[in-house]
Each structure stands twice: as structure tokens, then as C-alpha cells.
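Content type mmCIF, C-alpha atoms, from the file start_37.cif:
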data_final
loop_
_atom_site.label_atom_id
_atom_site.label_comp_id
_atom_site.auth_asym_id
_atom_site.auth_seq_id
_atom_site.Cartn_x
_atom_site.Cartn_y
_atom_site.Cartn_z
CA MET A 1 21.27 -13.38 22.69
CA ALA A 2 18.14 -13.76 24.84
CA ASP A 3 19.65 -11.52 27.55
CA GLU A 4 20.04 -8.74 24.94
CA VAL A 5 16.31 -8.60 24.21
CA LEU A 6 14.55 -5.86 26.13
CA HIS A 7 11.00 -6.53 24.87
CA SER A 8 9.32 -9.14 22.78
CA LEU A 9 5.67 -9.65 22.11
CA PRO A 10 5.36 -13.43 21.87
CA GLN A 11 1.71 -13.63 22.87
CA PHE A 12 0.66 -10.92 20.40
CA PHE A 13 3.36 -10.61 17.77
CA PRO A 14 6.10 -13.25 17.97
CA SER A 15 7.83 -11.71 14.96
CA ILE A 16 9.24 -8.62 16.72
CA SER A 17 11.80 -8.06 19.43
CA VAL A 18 13.41 -4.88 20.76
CA GLY A 19 17.02 -5.01 21.92
CA LYS A 20 18.43 -3.10 24.90
CA ASP A 21 20.12 -0.80 22.40
CA GLY A 22 16.70 0.02 20.94
CA GLN A 23 17.27 -1.91 17.74
CA ILE A 24 14.12 -3.49 16.30
CA GLN A 25 14.40 -6.99 14.94
CA ARG A 26 11.69 -8.46 12.78
CA LEU A 27 11.91 -12.23 12.99
CA TYR A 28 10.12 -13.10 9.78
CA SER A 29 10.95 -13.29 6.14
CA GLN A 30 10.02 -10.14 4.27
CA ASP A 31 10.05 -11.34 0.69
CA VAL A 32 9.55 -8.70 -1.96
CA VAL A 33 8.94 -9.09 -5.66
CA PRO A 34 9.34 -6.59 -8.48
CA PRO A 35 6.39 -4.91 -10.20
CA SER A 36 5.52 -6.70 -13.43
CA LEU A 37 2.98 -7.74 -16.00
CA ASP A 38 1.05 -10.61 -14.41
CA PRO A 39 0.58 -13.40 -16.98
CA ALA A 40 -2.50 -14.81 -15.20
CA THR A 41 -4.51 -11.55 -15.11
CA SER A 42 -2.71 -9.25 -17.59
CA VAL A 43 -2.56 -6.61 -14.84
CA GLN A 44 0.47 -4.32 -15.07
CA SER A 45 2.17 -2.89 -12.01
CA LYS A 46 4.94 -0.36 -11.60
CA ASP A 47 6.86 1.33 -8.83
CA VAL A 48 6.16 5.01 -8.11
CA GLU A 49 7.89 7.42 -5.76
CA ILE A 50 5.54 9.54 -3.73
CA ALA A 51 7.98 11.28 -1.39
CA PRO A 52 11.57 10.22 -2.12
CA GLY A 53 12.98 12.21 0.81
CA ILE A 54 11.21 9.94 3.29
CA ASN A 55 11.36 6.79 1.14
CA LEU A 56 7.59 6.74 0.63
CA SER A 57 6.65 4.75 -2.43
CA ALA A 58 3.89 2.59 -3.83
CA TRP A 59 3.00 0.27 -6.62
CA ILE A 60 0.32 1.28 -9.02
CA TYR A 61 -1.74 -1.42 -10.74
CA LEU A 62 -3.46 -1.07 -14.09
CA PRO A 63 -6.15 -3.52 -15.25
CA PRO A 64 -6.02 -5.11 -18.70
CA ASN A 65 -7.64 -3.49 -21.73
CA VAL A 66 -7.87 0.04 -20.33
CA VAL A 67 -8.72 2.93 -22.62
CA PRO A 68 -8.13 6.60 -21.75
CA THR A 69 -11.68 7.59 -22.68
CA ILE A 70 -13.14 5.43 -19.91
CA LYS A 71 -12.00 6.68 -16.52
CA LEU A 72 -11.81 4.06 -13.76
CA PRO A 73 -12.16 4.29 -9.98
CA LEU A 74 -8.98 4.59 -7.92
CA LEU A 75 -8.43 2.24 -4.99
CA PHE A 76 -5.85 3.05 -2.34
CA TYR A 77 -4.91 -0.28 -0.80
CA TYR A 78 -3.18 -0.63 2.57
CA HIS A 79 -1.47 -3.91 3.41
CA SER A 80 -2.22 -5.56 6.72
CA GLY A 81 0.31 -6.12 9.48
CA CYS A 82 -0.96 -3.99 12.38
CA PHE A 83 1.20 -1.06 11.21
CA ILE A 84 4.36 -2.90 12.35
CA ILE A 85 5.10 -5.60 9.77
CA GLY A 86 4.54 -6.24 6.09
CA SER A 87 5.22 -4.56 2.80
CA ALA A 88 3.12 -3.52 -0.15
CA PHE A 89 5.75 -5.24 -2.28
CA SER A 90 5.25 -8.76 -0.93
CA PRO A 91 4.21 -11.63 -3.22
CA ARG A 92 1.04 -12.07 -1.15
CA TYR A 93 -0.26 -8.57 -1.84
CA GLN A 94 0.92 -8.50 -5.43
CA ASN A 95 -1.03 -11.67 -6.20
CA HIS A 96 -4.10 -10.38 -4.33
CA LEU A 97 -4.05 -7.00 -6.06
CA ASN A 98 -3.47 -8.46 -9.51
CA HIS A 99 -6.70 -10.44 -9.12
CA LEU A 100 -8.62 -7.64 -7.41
CA VAL A 101 -7.68 -5.05 -10.05
CA ALA A 102 -8.55 -7.42 -12.91
CA GLN A 103 -11.93 -8.40 -11.45
CA ALA A 104 -13.00 -4.98 -10.16
CA ASN A 105 -11.61 -3.04 -13.15
CA VAL A 106 -10.01 -0.36 -10.99
CA VAL A 107 -6.62 1.31 -10.87
CA ALA A 108 -5.00 0.58 -7.50
CA VAL A 109 -2.25 2.25 -5.53
CA SER A 110 -0.68 -0.06 -2.94
CA LEU A 111 1.12 2.20 -0.50
CA ASN A 112 4.29 1.03 1.19
CA TYR A 113 3.77 3.20 4.25
CA ARG A 114 6.40 3.54 6.96
CA ILE A 115 5.87 1.13 9.84
CA ALA A 116 6.12 1.30 13.64
CA PRO A 117 7.84 1.26 16.00
CA GLU A 118 10.52 3.08 13.99
CA PHE A 119 7.79 5.37 12.66
CA PRO A 120 5.07 5.49 15.33
CA ILE A 121 1.45 6.29 14.68
CA PRO A 122 0.33 8.77 13.30
CA THR A 123 3.09 8.36 10.66
CA VAL A 124 1.08 5.79 8.70
CA PHE A 125 -1.88 8.17 8.53
CA GLU A 126 0.35 11.06 7.45
CA ASP A 127 1.87 8.81 4.75
CA SER A 128 -1.61 7.85 3.60
CA TRP A 129 -2.77 11.45 3.38
CA ARG A 130 0.45 12.42 1.55
CA ALA A 131 -0.21 9.65 -1.02
CA ILE A 132 -3.83 10.69 -1.50
CA LYS A 133 -2.78 14.30 -2.13
CA TRP A 134 0.00 13.08 -4.48
CA SER A 135 -2.61 11.28 -6.60
CA THR A 136 -4.34 14.60 -7.31
CA GLU A 137 -1.17 16.50 -8.30
CA GLY A 138 -1.08 15.21 -11.88
CA LYS A 139 2.42 13.74 -11.64
CA GLU A 140 1.52 10.11 -12.37
CA GLU A 141 0.67 9.27 -15.99
CA TRP A 142 -1.53 6.23 -15.25
CA ILE A 143 -3.65 8.27 -12.83
CA ASN A 144 -3.88 11.16 -15.31
CA GLU A 145 -4.87 8.91 -18.20
CA PHE A 146 -7.11 6.31 -16.61
CA VAL A 147 -8.52 7.52 -13.26
CA ASP A 148 -11.72 9.33 -12.31
CA LEU A 149 -10.70 11.22 -9.17
CA LYS A 150 -14.36 11.58 -8.22
CA ARG A 151 -14.38 7.83 -7.50
CA VAL A 152 -11.62 7.20 -4.96
CA TYR A 153 -11.81 4.38 -2.44
CA LEU A 154 -9.69 3.27 0.49
CA GLY A 155 -9.28 -0.42 1.23
CA GLU A 156 -7.24 -2.51 3.58
CA GLY A 157 -6.71 -6.06 4.58
CA GLY A 158 -5.17 -9.20 3.27
CA PRO A 159 -6.37 -11.65 0.67
CA ASN A 160 -9.10 -12.78 3.05
CA ALA A 161 -10.63 -9.37 3.75
CA LEU A 162 -11.15 -6.06 2.05
CA ARG A 163 -12.91 -3.16 3.66
CA THR A 164 -13.55 -0.03 1.66
CA THR A 165 -14.54 3.53 2.35
CA SER A 166 -16.49 5.35 -0.29
CA SER A 167 -15.16 8.48 -1.96
CA ARG A 168 -18.32 10.25 -0.74
CA ASP A 169 -16.42 10.70 2.53
CA PHE A 170 -13.73 12.77 0.80
CA ASN A 171 -13.67 15.89 -1.31
CA PHE A 172 -10.76 15.46 -3.72
CA VAL A 173 -11.96 17.39 -6.74
#
Turn this file's structure into C-alpha cells for me.
Amino acid sequence: MADEVLHSLPQFFPSISVGKDGQIQRLYSQDVVPPSLDPATSVQSKDVEIAPGINLSAWIYLPPNVVPTIKLPLLFYYHSGCFIIGSAFSPRYQNHLNHLVAQANVVAVSLNYRIAPEFPIPTVFEDSWRAIKWSTEGKEEWINEFVDLKRVYLGEGGPNALRTTSSRDFNFV
């Protein structure tokens, strides 16, 4: 088996190897969980398709006790993993976003962007832009009912870090 591996990145990313045939092997467990109603925070999440033709999807999170007359900020959240590992649907990010959405009182979209090396950069940025434009198209009921599209934020990181960019940097509406 070792003679079939063309590249591996043990010093940087021991979880990936590339075979001589070009096949990528991720050597870690990629657990996924379904969207749900979180009993600890009362945050609801659901699966949404953004671009079915390229398998681009996300989970959208809704905080407890929302009312349509009070529009909330929208947070686009990008999971960590250096653009080559991870999933927006992992238990780690679901738990983190359930707590973040409940405490910050925001609606969040956790994008399951396509990852490298199968989809090299700039694919992740194109996926992100596609998702941002999708949010303004009026196709998603939770965004239509509960979101103020003048307050859109981008955030990334794991449970230990969250960096955000203000919606002042964008002109959505």
C-alpha cells in the first residue's frame, strides 16, 4: 500500500494522501449528523440546496423564539479545515453553531463548500459567492421571514475561533 502513495503531507496534514492513480484518500473519520432541533439550545437547523447540480448545500440555523416582525442578522459560517478537509455537517460544527446562534440571536448558514484538491481554489470562493447570492434570491423561507439582508456577516473558524467581516464591506441590497 505504501508504494502506491504518490504524495502525503505528514508534516502538515497527516490526514491526506494522493495515490499514483490520482485518487485522494482522506485518512480521518468524517462523521456527519442530521439537521435537527437541538434540545440544549432550542435552535432548529435544516438542510438547504443551494446549487443541486454541483452538490452545493448548507444548513441553515434558526434561533429560538424568533418572530417575523423582528429581522435578525445573517451569518455565513465557513468550517475550518484549510479548504481540504471537514464538513459543515459534522457534530463539531453543529454543536458550535447551535450555541453561537442561540447566544448571538442570528440566523446562520453553514456552507458545505466543495473542498480541494478535487475542487482547487478558487472553487471555495466561487461556492461562497454563489451561496451569498442565493440568500438574496428569495427562495429560502427562513431567510425571507427572519433575516435583515442589510446585516450580513461572514465568519469562519472552529469552536475556538470566530472571525467576522461586517456587512459594510458588501452591498447586497
Next on the checklist: Just to confirm, what's the straight-line distance from CA of Leu97 in chain A to CA of Glu118 in chain A in Å (one decimal)?
Outcome noted: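 So the two atoms, CA of Leu97 in chain A and CA of Glu118 in chain A, lie 26.8 Å apart.
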Checklist entry - So which residues get picked by the PyMOL selection byres ((chain A and resi 134) around 12) here, written as a PyMOL selection string? => result chain A and resi 48-51+56-58+76+109+111+127-133+135-140+143-144+149+172
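CA of Tyr61 in chain A is positioned 5.7 Å from CA of Gln44 in chain A.
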Item to check | Nearest to Val66 in chain A, chosen from A:Ile54, A:Ile121, A:Ala40, A:Val147, with all atoms listed in the file counted in the distances | outcome: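 Going through A:Ile54, A:Ile121, A:Ala40, A:Val147 one by one, the smallest distance to Val66 in chain A is for A:Val147.
Here CA of Pro52 in chain A is placed at a distance of 12.2 Å from CA of Asn112 in chain A.
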Checklist entry - From the list A:Arg92, A:Lys71, A:Lys46, A:His79, which residue is nearest Asp31 in chain A when using all atoms listed in the file? => result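 Result for the nearest residue to Asp31 in chain A: A:Arg92.
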